[in-house]
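> Below: one structure in structure tokens.
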Amino acid sequence: MYAVLGEKGFFPKEKFKEFLQFNSMLQGHVEICTPGAEYSGGSLGQGISFACGLAYSARLKKKDYKVFCILGDGECHEGEVWEAAMFASHYKLDNLYVIVDYNHYCTLGDVDEIMNLKPLEDKWKSFGWNTATVSGHDYNELLDALNTAKNYKGKPFDLTNFVDANTAFITMKTKLGKDLKALDLP
């Protein structure tokens, strides 16, 4: 989120160097004090709940806009994600699009070793969602899936994109707080 906000000019990109530093506005979870942020993102799972609220509000106000939410795969371990998924399906929030970044890593280690999510797409389907699974490295595949999703009516849409954490844009070494296990990615 910080990368998008910086690119959109909400704050100078030089602020990226302050990420996770004491008194920086760029902390581990986005807070409302960050220019461009619309809510404080605290606990994992809150993003999809907030997105459900925005999508439901649009329905009540008869507004025609779409709500996009990006989830990390580790975030899918949280019960709040599945409560929100059930809410979105129950209220037929077809203006809600969730994109799961399925790179198999979270701050505590390998997602599938912590709590196996497979088969992730089937879980979303079981909650009444339209789904697609694509390569997170293929922009055309991502755009095609999102364009196809425009035609779905009566159900929210989940796009799970598999990302190889050892290639493409995720080729950095992760430095985490002393109380969290650091991942040693090539």
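Ordering of the structure tokens sets the chain letters (A, B, ...), residue numbers begin anew at 1 in every chain, and ligands are numbered from 1 in the order given.
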If you count only C-alpha atoms, which residues fall within 8 Å of Val111 (chain A), apart from same-chain ones fewer than 6 positions away, as a PyMOL selection string?
chain A and resi 73-74+104-105+117
> Would you list the contacts of region 62-64 of chain A as a count of residues only, taking every protein, DNA or RNA residue within 12 Å and counting only C-alpha atoms, but skipping same-chain residues closer than 5 positions in sequence?
8
> Using only C-alpha atoms, can you tell me which of A:Tyr152, A:Tyr97, A:Phe19, A:Phe50 comes closest to Tyr65 (chain A)?
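Going through A:Tyr152, A:Tyr97, A:Phe19, A:Phe50 one by one, the smallest distance to Tyr65 (chain A) is for A:Tyr97.
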> Excluding Gly45 (chain A) and any residue of its chain fewer than 6 positions from it, enumerate the residues within 12 Å of it, using only C-alpha atoms, and give them as number ranges by chain.
A: 29, 51-52, 69-85
> Could you tell me how far CA of Gly128 (chain A) lies from CA of Val98 (chain A), in Å and to one decimal?
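Interatomic distance here is 13.3 Å.
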> May I have the residues within 12 Å of Leu142 (chain A) as a list in words, using only C-alpha atoms and disregarding those fewer than 3 positions away in the same chain?
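Contacts, in chain order: Ile99, Val100, Asp101, Ala132, Thr133, Val134, Ser135, Gly136, His137, Asp138, Tyr139, Ala145, Leu146, Asn147, Thr148, Ala149, Asp158, Leu159, Thr160, Asn161, Phe162 and Val163 of chain A.
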> When DSSP works through the backbone of this structure, what residues of region 21-161 of chain A end up as strand (DSSP E or B), shown as a PDB file with N, CA and C atoms, in the first residue's frame?

```
ATOM      1  N   VAL A  67     -15.037  -2.240  -5.370  1.00  0.00           N
ATOM      2  CA  VAL A  67     -14.115  -2.197  -4.242  1.00  0.00           C
ATOM      3  C   VAL A  67     -13.110  -3.327  -4.419  1.00  0.00           C
ATOM      4  N   PHE A  68     -11.818  -2.983  -4.352  1.00  0.00           N
ATOM      5  CA  PHE A  68     -10.750  -3.965  -4.490  1.00  0.00           C
ATOM      6  C   PHE A  68     -10.013  -4.102  -3.168  1.00  0.00           C
ATOM      7  N   CYS A  69      -9.728  -5.343  -2.792  1.00  0.00           N
ATOM      8  CA  CYS A  69      -9.018  -5.636  -1.552  1.00  0.00           C
ATOM      9  C   CYS A  69      -7.912  -6.641  -1.873  1.00  0.00           C
ATOM     10  N   ILE A  70      -6.707  -6.349  -1.425  1.00  0.00           N
ATOM     11  CA  ILE A  70      -5.593  -7.283  -1.618  1.00  0.00           C
ATOM     12  C   ILE A  70      -5.308  -7.957  -0.282  1.00  0.00           C
ATOM     13  N   LEU A  71      -5.308  -9.284  -0.299  1.00  0.00           N
ATOM     14  CA  LEU A  71      -5.022 -10.080   0.897  1.00  0.00           C
ATOM     15  C   LEU A  71      -3.702 -10.817   0.716  1.00  0.00           C
ATOM     16  N   GLY A  72      -2.935 -10.901   1.767  1.00  0.00           N
ATOM     17  CA  GLY A  72      -1.787 -11.796   1.776  1.00  0.00           C
ATOM     18  C   GLY A  72      -2.267 -13.194   2.097  1.00  0.00           C
ATOM     19  N   LEU A  96     -17.433  -6.370  -5.160  1.00  0.00           N
ATOM     20  CA  LEU A  96     -16.248  -6.619  -4.333  1.00  0.00           C
ATOM     21  C   LEU A  96     -15.310  -7.596  -5.042  1.00  0.00           C
ATOM     22  N   TYR A  97     -14.052  -7.185  -5.169  1.00  0.00           N
ATOM     23  CA  TYR A  97     -13.015  -8.000  -5.797  1.00  0.00           C
ATOM     24  C   TYR A  97     -11.881  -8.182  -4.795  1.00  0.00           C
ATOM     25  N   VAL A  98     -11.584  -9.417  -4.467  1.00  0.00           N
ATOM     26  CA  VAL A  98     -10.478  -9.713  -3.561  1.00  0.00           C
ATOM     27  C   VAL A  98      -9.374 -10.380  -4.368  1.00  0.00           C
ATOM     28  N   ILE A  99      -8.166  -9.882  -4.207  1.00  0.00           N
ATOM     29  CA  ILE A  99      -6.999 -10.461  -4.872  1.00  0.00           C
ATOM     30  C   ILE A  99      -6.098 -11.025  -3.782  1.00  0.00           C
ATOM     31  N   VAL A 100      -5.869 -12.323  -3.823  1.00  0.00           N
ATOM     32  CA  VAL A 100      -5.007 -12.969  -2.832  1.00  0.00           C
ATOM     33  C   VAL A 100      -3.613 -13.123  -3.422  1.00  0.00           C
ATOM     34  N   ASP A 101      -2.629 -12.532  -2.763  1.00  0.00           N
ATOM     35  CA  ASP A 101      -1.229 -12.664  -3.157  1.00  0.00           C
ATOM     36  C   ASP A 101      -0.709 -13.957  -2.520  1.00  0.00           C
ATOM     37  N   TYR A 102      -0.721 -15.027  -3.295  1.00  0.00           N
ATOM     38  CA  TYR A 102      -0.384 -16.351  -2.767  1.00  0.00           C
ATOM     39  C   TYR A 102       1.078 -16.663  -3.076  1.00  0.00           C
ATOM     40  N   TYR A 105       4.541 -17.112   1.704  1.00  0.00           N
ATOM     41  CA  TYR A 105       5.341 -16.592   2.807  1.00  0.00           C
ATOM     42  C   TYR A 105       4.564 -15.546   3.593  1.00  0.00           C
ATOM     43  N   CYS A 106       4.773 -15.554   4.908  1.00  0.00           N
ATOM     44  CA  CYS A 106       4.260 -14.491   5.767  1.00  0.00           C
ATOM     45  C   CYS A 106       5.351 -14.184   6.784  1.00  0.00           C
ATOM     46  N   GLY A 109       6.933 -17.235   8.514  1.00  0.00           N
ATOM     47  CA  GLY A 109       7.548 -18.318   7.757  1.00  0.00           C
ATOM     48  C   GLY A 109       6.681 -18.775   6.602  1.00  0.00           C
ATOM     49  N   ASP A 110       6.816 -20.059   6.275  1.00  0.00           N
ATOM     50  CA  ASP A 110       6.093 -20.656   5.155  1.00  0.00           C
ATOM     51  C   ASP A 110       4.618 -20.823   5.527  1.00  0.00           C
ATOM     52  N   ASN A 130     -17.365 -16.337  -6.840  1.00  0.00           N
ATOM     53  CA  ASN A 130     -16.774 -16.645  -8.139  1.00  0.00           C
ATOM     54  C   ASN A 130     -15.267 -16.548  -7.960  1.00  0.00           C
ATOM     55  N   THR A 131     -14.529 -17.422  -8.633  1.00  0.00           N
ATOM     56  CA  THR A 131     -13.080 -17.444  -8.425  1.00  0.00           C
ATOM     57  C   THR A 131     -12.325 -17.626  -9.733  1.00  0.00           C
ATOM     58  N   ALA A 132     -11.074 -17.257  -9.695  1.00  0.00           N
ATOM     59  CA  ALA A 132     -10.125 -17.541 -10.771  1.00  0.00           C
ATOM     60  C   ALA A 132      -8.756 -17.651 -10.127  1.00  0.00           C
ATOM     61  N   THR A 133      -7.908 -18.456 -10.701  1.00  0.00           N
ATOM     62  CA  THR A 133      -6.530 -18.586 -10.226  1.00  0.00           C
ATOM     63  C   THR A 133      -5.614 -18.329 -11.406  1.00  0.00           C
ATOM     64  N   VAL A 134      -4.670 -17.428 -11.229  1.00  0.00           N
ATOM     65  CA  VAL A 134      -3.760 -17.039 -12.310  1.00  0.00           C
ATOM     66  C   VAL A 134      -2.342 -16.923 -11.769  1.00  0.00           C
ATOM     67  N   SER A 135      -1.399 -16.745 -12.675  1.00  0.00           N
ATOM     68  CA  SER A 135      -0.025 -16.456 -12.295  1.00  0.00           C
ATOM     69  C   SER A 135       0.079 -14.986 -11.922  1.00  0.00           C
ATOM     70  N   PHE A 157     -16.047 -11.675  -6.063  1.00  0.00           N
ATOM     71  CA  PHE A 157     -15.046 -12.331  -6.902  1.00  0.00           C
ATOM     72  C   PHE A 157     -13.704 -12.402  -6.185  1.00  0.00           C
ATOM     73  N   ASP A 158     -13.111 -13.597  -6.162  1.00  0.00           N
ATOM     74  CA  ASP A 158     -11.775 -13.805  -5.610  1.00  0.00           C
ATOM     75  C   ASP A 158     -10.830 -14.169  -6.740  1.00  0.00           C
ATOM     76  N   LEU A 159      -9.722 -13.457  -6.825  1.00  0.00           N
ATOM     77  CA  LEU A 159      -8.665 -13.769  -7.787  1.00  0.00           C
ATOM     78  C   LEU A 159      -7.437 -14.161  -6.983  1.00  0.00           C
ATOM     79  N   THR A 160      -7.121 -15.454  -6.982  1.00  0.00           N
ATOM     80  CA  THR A 160      -5.929 -15.933  -6.301  1.00  0.00           C
ATOM     81  C   THR A 160      -4.814 -15.945  -7.322  1.00  0.00           C
ATOM     82  N   ASN A 161      -3.742 -15.203  -7.047  1.00  0.00           N
ATOM     83  CA  ASN A 161      -2.636 -15.232  -7.982  1.00  0.00           C
ATOM     84  C   ASN A 161      -1.407 -15.789  -7.304  1.00  0.00           C
TER      85      ASN A 161
END
```
> For His90 (chain A), which residue among A:Phe22, A:Tyr39, A:Phe127, A:Tyr2 is the nearest when counting only C-alpha atoms?
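Counting only C-alpha atoms, the residue closest to His90 (chain A) is A:Phe127.
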> Could you tell me how far CA of Ala3 (chain A) lies from CA of Lys15 (chain A), in Å and to one decimal?
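CA of Lys15 (chain A) lies at a distance of 10.3 Å from CA of Ala3 (chain A).
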> For a quick check of understanding, using only C-alpha atoms, which of A:Ala37, A:Glu18, A:Ser24, A:Ala58 has the smallest distance to Leu5 (chain A)?
A:Ala37
> How many Å lie between CA of Lys123 (chain A) and CA of Tyr91 (chain A), rounded to one decimal?
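That distance, rounded to one decimal, is 18.0 Å.
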> List every residue of region 21-177 of chain A that DSSP, applied to the backbone, labels as alpha helix (DSSP H), and write the result as a PDB file with N, CA, C and O atoms, in the first residue's frame.

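Okay, this is what ended up in part_27.pdb:
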```pdb
ATOM      1  N   GLN A  46      -8.652  -7.345   8.818  1.00  0.00           N
ATOM      2  CA  GLN A  46      -9.512  -6.160   8.871  1.00  0.00           C
ATOM      3  C   GLN A  46      -9.745  -5.549   7.496  1.00  0.00           C
ATOM      4  O   GLN A  46     -10.782  -4.946   7.263  1.00  0.00           O
ATOM      5  N   GLY A  47      -8.796  -5.688   6.595  1.00  0.00           N
ATOM      6  CA  GLY A  47      -8.924  -5.082   5.272  1.00  0.00           C
ATOM      7  C   GLY A  47     -10.135  -5.584   4.510  1.00  0.00           C
ATOM      8  O   GLY A  47     -10.897  -4.797   3.934  1.00  0.00           O
ATOM      9  N   ILE A  48     -10.355  -6.887   4.509  1.00  0.00           N
ATOM     10  CA  ILE A  48     -11.503  -7.434   3.780  1.00  0.00           C
ATOM     11  C   ILE A  48     -12.811  -7.054   4.466  1.00  0.00           C
ATOM     12  O   ILE A  48     -13.816  -6.799   3.797  1.00  0.00           O
ATOM     13  N   SER A  49     -12.805  -6.951   5.789  1.00  0.00           N
ATOM     14  CA  SER A  49     -14.018  -6.515   6.490  1.00  0.00           C
ATOM     15  C   SER A  49     -14.345  -5.075   6.122  1.00  0.00           C
ATOM     16  O   SER A  49     -15.509  -4.734   5.868  1.00  0.00           O
ATOM     17  N   PHE A  50     -13.331  -4.222   6.072  1.00  0.00           N
ATOM     18  CA  PHE A  50     -13.519  -2.837   5.669  1.00  0.00           C
ATOM     19  C   PHE A  50     -14.019  -2.770   4.224  1.00  0.00           C
ATOM     20  O   PHE A  50     -14.943  -2.015   3.900  1.00  0.00           O
ATOM     21  N   ALA A  51     -13.429  -3.588   3.348  1.00  0.00           N
ATOM     22  CA  ALA A  51     -13.839  -3.626   1.942  1.00  0.00           C
ATOM     23  C   ALA A  51     -15.297  -4.070   1.812  1.00  0.00           C
ATOM     24  O   ALA A  51     -16.049  -3.525   0.994  1.00  0.00           O
ATOM     25  N   CYS A  52     -15.702  -5.038   2.615  1.00  0.00           N
ATOM     26  CA  CYS A  52     -17.111  -5.474   2.610  1.00  0.00           C
ATOM     27  C   CYS A  52     -18.023  -4.314   2.996  1.00  0.00           C
ATOM     28  O   CYS A  52     -19.083  -4.117   2.383  1.00  0.00           O
ATOM     29  N   GLY A  53     -17.620  -3.553   4.000  1.00  0.00           N
ATOM     30  CA  GLY A  53     -18.406  -2.398   4.420  1.00  0.00           C
ATOM     31  C   GLY A  53     -18.538  -1.368   3.308  1.00  0.00           C
ATOM     32  O   GLY A  53     -19.621  -0.823   3.074  1.00  0.00           O
ATOM     33  N   LEU A  54     -17.437  -1.113   2.594  1.00  0.00           N
ATOM     34  CA  LEU A  54     -17.489  -0.162   1.474  1.00  0.00           C
ATOM     35  C   LEU A  54     -18.397  -0.672   0.359  1.00  0.00           C
ATOM     36  O   LEU A  54     -19.197   0.086  -0.202  1.00  0.00           O
ATOM     37  N   ALA A  55     -18.281  -1.957   0.031  1.00  0.00           N
ATOM     38  CA  ALA A  55     -19.092  -2.540  -1.043  1.00  0.00           C
ATOM     39  C   ALA A  55     -20.577  -2.546  -0.660  1.00  0.00           C
ATOM     40  O   ALA A  55     -21.446  -2.242  -1.485  1.00  0.00           O
ATOM     41  N   TYR A  56     -20.865  -2.884   0.591  1.00  0.00           N
ATOM     42  CA  TYR A  56     -22.252  -2.904   1.059  1.00  0.00           C
ATOM     43  C   TYR A  56     -22.827  -1.487   1.098  1.00  0.00           C
ATOM     44  O   TYR A  56     -23.976  -1.251   0.704  1.00  0.00           O
ATOM     45  N   SER A  57     -22.024  -0.541   1.525  1.00  0.00           N
ATOM     46  CA  SER A  57     -22.446   0.858   1.554  1.00  0.00           C
ATOM     47  C   SER A  57     -22.791   1.348   0.145  1.00  0.00           C
ATOM     48  O   SER A  57     -23.785   2.049  -0.052  1.00  0.00           O
ATOM     49  N   ALA A  58     -21.985   0.967  -0.832  1.00  0.00           N
ATOM     50  CA  ALA A  58     -22.274   1.347  -2.228  1.00  0.00           C
ATOM     51  C   ALA A  58     -23.632   0.800  -2.655  1.00  0.00           C
ATOM     52  O   ALA A  58     -24.421   1.494  -3.304  1.00  0.00           O
ATOM     53  N   ARG A  59     -23.907  -0.428  -2.272  1.00  0.00           N
ATOM     54  CA  ARG A  59     -25.198  -1.042  -2.609  1.00  0.00           C
ATOM     55  C   ARG A  59     -26.342  -0.261  -1.988  1.00  0.00           C
ATOM     56  O   ARG A  59     -27.320   0.078  -2.641  1.00  0.00           O
ATOM     57  N   LEU A  60     -26.214   0.059  -0.693  1.00  0.00           N
ATOM     58  CA  LEU A  60     -27.276   0.781   0.011  1.00  0.00           C
ATOM     59  C   LEU A  60     -27.502   2.178  -0.564  1.00  0.00           C
ATOM     60  O   LEU A  60     -28.637   2.658  -0.619  1.00  0.00           O
ATOM     61  N   GLY A  79      -9.610 -15.926  11.029  1.00  0.00           N
ATOM     62  CA  GLY A  79     -11.044 -16.184  10.966  1.00  0.00           C
ATOM     63  C   GLY A  79     -11.842 -15.008  10.449  1.00  0.00           C
ATOM     64  O   GLY A  79     -12.878 -15.184   9.803  1.00  0.00           O
ATOM     65  N   GLU A  80     -11.371 -13.797  10.714  1.00  0.00           N
ATOM     66  CA  GLU A  80     -12.085 -12.604  10.262  1.00  0.00           C
ATOM     67  C   GLU A  80     -12.198 -12.560   8.739  1.00  0.00           C
ATOM     68  O   GLU A  80     -13.193 -12.068   8.203  1.00  0.00           O
ATOM     69  N   VAL A  81     -11.207 -13.106   8.038  1.00  0.00           N
ATOM     70  CA  VAL A  81     -11.266 -13.161   6.573  1.00  0.00           C
ATOM     71  C   VAL A  81     -12.470 -13.987   6.138  1.00  0.00           C
ATOM     72  O   VAL A  81     -13.238 -13.594   5.256  1.00  0.00           O
ATOM     73  N   TRP A  82     -12.665 -15.129   6.773  1.00  0.00           N
ATOM     74  CA  TRP A  82     -13.733 -16.038   6.358  1.00  0.00           C
ATOM     75  C   TRP A  82     -15.104 -15.548   6.821  1.00  0.00           C
ATOM     76  O   TRP A  82     -16.113 -15.807   6.150  1.00  0.00           O
ATOM     77  N   GLU A  83     -15.155 -14.833   7.932  1.00  0.00           N
ATOM     78  CA  GLU A  83     -16.425 -14.199   8.335  1.00  0.00           C
ATOM     79  C   GLU A  83     -16.827 -13.142   7.303  1.00  0.00           C
ATOM     80  O   GLU A  83     -17.996 -13.049   6.910  1.00  0.00           O
ATOM     81  N   ALA A  84     -15.854 -12.362   6.851  1.00  0.00           N
ATOM     82  CA  ALA A  84     -16.127 -11.338   5.837  1.00  0.00           C
ATOM     83  C   ALA A  84     -16.508 -11.994   4.508  1.00  0.00           C
ATOM     84  O   ALA A  84     -17.411 -11.510   3.804  1.00  0.00           O
ATOM     85  N   ALA A  85     -15.851 -13.101   4.160  1.00  0.00           N
ATOM     86  CA  ALA A  85     -16.184 -13.818   2.921  1.00  0.00           C
ATOM     87  C   ALA A  85     -17.633 -14.297   2.964  1.00  0.00           C
ATOM     88  O   ALA A  85     -18.365 -14.202   1.966  1.00  0.00           O
ATOM     89  N   MET A  86     -18.060 -14.788   4.120  1.00  0.00           N
ATOM     90  CA  MET A  86     -19.438 -15.242   4.282  1.00  0.00           C
ATOM     91  C   MET A  86     -20.412 -14.066   4.172  1.00  0.00           C
ATOM     92  O   MET A  86     -21.451 -14.166   3.519  1.00  0.00           O
ATOM     93  N   PHE A  87     -20.071 -12.939   4.769  1.00  0.00           N
ATOM     94  CA  PHE A  87     -20.894 -11.728   4.705  1.00  0.00           C
ATOM     95  C   PHE A  87     -21.048 -11.280   3.250  1.00  0.00           C
ATOM     96  O   PHE A  87     -22.158 -10.992   2.784  1.00  0.00           O
ATOM     97  N   ALA A  88     -19.937 -11.211   2.520  1.00  0.00           N
ATOM     98  CA  ALA A  88     -19.958 -10.742   1.129  1.00  0.00           C
ATOM     99  C   ALA A  88     -20.818 -11.641   0.254  1.00  0.00           C
ATOM    100  O   ALA A  88     -21.568 -11.166  -0.603  1.00  0.00           O
ATOM    101  N   SER A  89     -20.738 -12.937   0.476  1.00  0.00           N
ATOM    102  CA  SER A  89     -21.543 -13.877  -0.301  1.00  0.00           C
ATOM    103  C   SER A  89     -23.022 -13.741   0.058  1.00  0.00           C
ATOM    104  O   SER A  89     -23.879 -13.700  -0.828  1.00  0.00           O
ATOM    105  N   HIS A  90     -23.314 -13.659   1.344  1.00  0.00           N
ATOM    106  CA  HIS A  90     -24.705 -13.548   1.801  1.00  0.00           C
ATOM    107  C   HIS A  90     -25.393 -12.319   1.195  1.00  0.00           C
ATOM    108  O   HIS A  90     -26.540 -12.394   0.765  1.00  0.00           O
ATOM    109  N   VAL A 111       3.760 -20.198   4.741  1.00  0.00           N
ATOM    110  CA  VAL A 111       2.319 -20.205   5.012  1.00  0.00           C
ATOM    111  C   VAL A 111       1.769 -21.625   5.121  1.00  0.00           C
ATOM    112  O   VAL A 111       0.991 -21.936   6.021  1.00  0.00           O
ATOM    113  N   ASP A 112       2.170 -22.494   4.214  1.00  0.00           N
ATOM    114  CA  ASP A 112       1.608 -23.837   4.189  1.00  0.00           C
ATOM    115  C   ASP A 112       2.098 -24.705   5.350  1.00  0.00           C
ATOM    116  O   ASP A 112       1.428 -25.650   5.739  1.00  0.00           O
ATOM    117  N   GLU A 113       3.258 -24.388   5.910  1.00  0.00           N
ATOM    118  CA  GLU A 113       3.726 -25.114   7.097  1.00  0.00           C
ATOM    119  C   GLU A 113       3.014 -24.625   8.357  1.00  0.00           C
ATOM    120  O   GLU A 113       2.764 -25.395   9.274  1.00  0.00           O
ATOM    121  N   ILE A 114       2.685 -23.345   8.391  1.00  0.00           N
ATOM    122  CA  ILE A 114       2.006 -22.786   9.563  1.00  0.00           C
ATOM    123  C   ILE A 114       0.576 -23.309   9.630  1.00  0.00           C
ATOM    124  O   ILE A 114       0.130 -23.804  10.660  1.00  0.00           O
ATOM    125  N   LEU A 120      -6.929 -23.483  -1.817  1.00  0.00           N
ATOM    126  CA  LEU A 120      -7.438 -22.156  -1.475  1.00  0.00           C
ATOM    127  C   LEU A 120      -8.627 -21.743  -2.340  1.00  0.00           C
ATOM    128  O   LEU A 120      -9.619 -21.220  -1.832  1.00  0.00           O
ATOM    129  N   GLU A 121      -8.549 -21.985  -3.630  1.00  0.00           N
ATOM    130  CA  GLU A 121      -9.656 -21.589  -4.509  1.00  0.00           C
ATOM    131  C   GLU A 121     -10.951 -22.288  -4.107  1.00  0.00           C
ATOM    132  O   GLU A 121     -12.031 -21.683  -4.100  1.00  0.00           O
ATOM    133  N   ASP A 122     -10.857 -23.558  -3.735  1.00  0.00           N
ATOM    134  CA  ASP A 122     -12.052 -24.302  -3.312  1.00  0.00           C
ATOM    135  C   ASP A 122     -12.669 -23.707  -2.049  1.00  0.00           C
ATOM    136  O   ASP A 122     -13.897 -23.732  -1.879  1.00  0.00           O
ATOM    137  N   LYS A 123     -11.834 -23.174  -1.161  1.00  0.00           N
ATOM    138  CA  LYS A 123     -12.363 -22.543   0.052  1.00  0.00           C
ATOM    139  C   LYS A 123     -13.210 -21.333  -0.316  1.00  0.00           C
ATOM    140  O   LYS A 123     -14.308 -21.154   0.213  1.00  0.00           O
ATOM    141  N   TRP A 124     -12.720 -20.480  -1.226  1.00  0.00           N
ATOM    142  CA  TRP A 124     -13.499 -19.316  -1.650  1.00  0.00           C
ATOM    143  C   TRP A 124     -14.802 -19.754  -2.325  1.00  0.00           C
ATOM    144  O   TRP A 124     -15.862 -19.179  -2.067  1.00  0.00           O
ATOM    145  N   LYS A 125     -14.720 -20.773  -3.163  1.00  0.00           N
ATOM    146  CA  LYS A 125     -15.936 -21.279  -3.825  1.00  0.00           C
ATOM    147  C   LYS A 125     -16.949 -21.774  -2.804  1.00  0.00           C
ATOM    148  O   LYS A 125     -18.146 -21.550  -2.948  1.00  0.00           O
ATOM    149  N   SER A 126     -16.459 -22.447  -1.754  1.00  0.00           N
ATOM    150  CA  SER A 126     -17.374 -22.991  -0.748  1.00  0.00           C
ATOM    151  C   SER A 126     -18.098 -21.889   0.021  1.00  0.00           C
ATOM    152  O   SER A 126     -19.151 -22.129   0.595  1.00  0.00           O
ATOM    153  N   TYR A 139       0.753 -10.185 -16.196  1.00  0.00           N
ATOM    154  CA  TYR A 139      -0.197  -9.069 -16.116  1.00  0.00           C
ATOM    155  C   TYR A 139      -1.389  -9.260 -17.031  1.00  0.00           C
ATOM    156  O   TYR A 139      -2.512  -8.907 -16.675  1.00  0.00           O
ATOM    157  N   ASN A 140      -1.171  -9.827 -18.217  1.00  0.00           N
ATOM    158  CA  ASN A 140      -2.287 -10.050 -19.136  1.00  0.00           C
ATOM    159  C   ASN A 140      -3.287 -11.036 -18.558  1.00  0.00           C
ATOM    160  O   ASN A 140      -4.498 -10.852 -18.673  1.00  0.00           O
ATOM    161  N   GLU A 141      -2.775 -12.079 -17.917  1.00  0.00           N
ATOM    162  CA  GLU A 141      -3.646 -13.072 -17.287  1.00  0.00           C
ATOM    163  C   GLU A 141      -4.449 -12.426 -16.145  1.00  0.00           C
ATOM    164  O   GLU A 141      -5.645 -12.679 -15.992  1.00  0.00           O
ATOM    165  N   LEU A 142      -3.784 -11.585 -15.356  1.00  0.00           N
ATOM    166  CA  LEU A 142      -4.471 -10.879 -14.279  1.00  0.00           C
ATOM    167  C   LEU A 142      -5.583  -9.979 -14.829  1.00  0.00           C
ATOM    168  O   LEU A 142      -6.722 -10.008 -14.349  1.00  0.00           O
ATOM    169  N   LEU A 143      -5.248  -9.188 -15.846  1.00  0.00           N
ATOM    170  CA  LEU A 143      -6.235  -8.276 -16.425  1.00  0.00           C
ATOM    171  C   LEU A 143      -7.386  -9.026 -17.080  1.00  0.00           C
ATOM    172  O   LEU A 143      -8.553  -8.621 -16.957  1.00  0.00           O
ATOM    173  N   ASP A 144      -7.085 -10.120 -17.773  1.00  0.00           N
ATOM    174  CA  ASP A 144      -8.152 -10.924 -18.392  1.00  0.00           C
ATOM    175  C   ASP A 144      -9.122 -11.445 -17.335  1.00  0.00           C
ATOM    176  O   ASP A 144     -10.340 -11.404 -17.522  1.00  0.00           O
ATOM    177  N   ALA A 145      -8.578 -11.950 -16.225  1.00  0.00           N
ATOM    178  CA  ALA A 145      -9.434 -12.479 -15.157  1.00  0.00           C
ATOM    179  C   ALA A 145     -10.304 -11.369 -14.560  1.00  0.00           C
ATOM    180  O   ALA A 145     -11.501 -11.571 -14.319  1.00  0.00           O
ATOM    181  N   LEU A 146      -9.720 -10.191 -14.336  1.00  0.00           N
ATOM    182  CA  LEU A 146     -10.498  -9.085 -13.773  1.00  0.00           C
ATOM    183  C   LEU A 146     -11.548  -8.589 -14.767  1.00  0.00           C
ATOM    184  O   LEU A 146     -12.665  -8.259 -14.373  1.00  0.00           O
ATOM    185  N   ASN A 147     -11.213  -8.558 -16.046  1.00  0.00           N
ATOM    186  CA  ASN A 147     -12.196  -8.149 -17.059  1.00  0.00           C
ATOM    187  C   ASN A 147     -13.331  -9.157 -17.169  1.00  0.00           C
ATOM    188  O   ASN A 147     -14.490  -8.777 -17.326  1.00  0.00           O
ATOM    189  N   THR A 148     -13.022 -10.434 -17.080  1.00  0.00           N
ATOM    190  CA  THR A 148     -14.053 -11.474 -17.094  1.00  0.00           C
ATOM    191  C   THR A 148     -14.966 -11.340 -15.876  1.00  0.00           C
ATOM    192  O   THR A 148     -16.178 -11.515 -15.969  1.00  0.00           O
ATOM    193  N   ALA A 149     -14.372 -10.984 -14.737  1.00  0.00           N
ATOM    194  CA  ALA A 149     -15.140 -10.872 -13.491  1.00  0.00           C
ATOM    195  C   ALA A 149     -16.211  -9.790 -13.566  1.00  0.00           C
ATOM    196  O   ALA A 149     -17.206  -9.856 -12.845  1.00  0.00           O
TER     197      ALA A 149
END
```
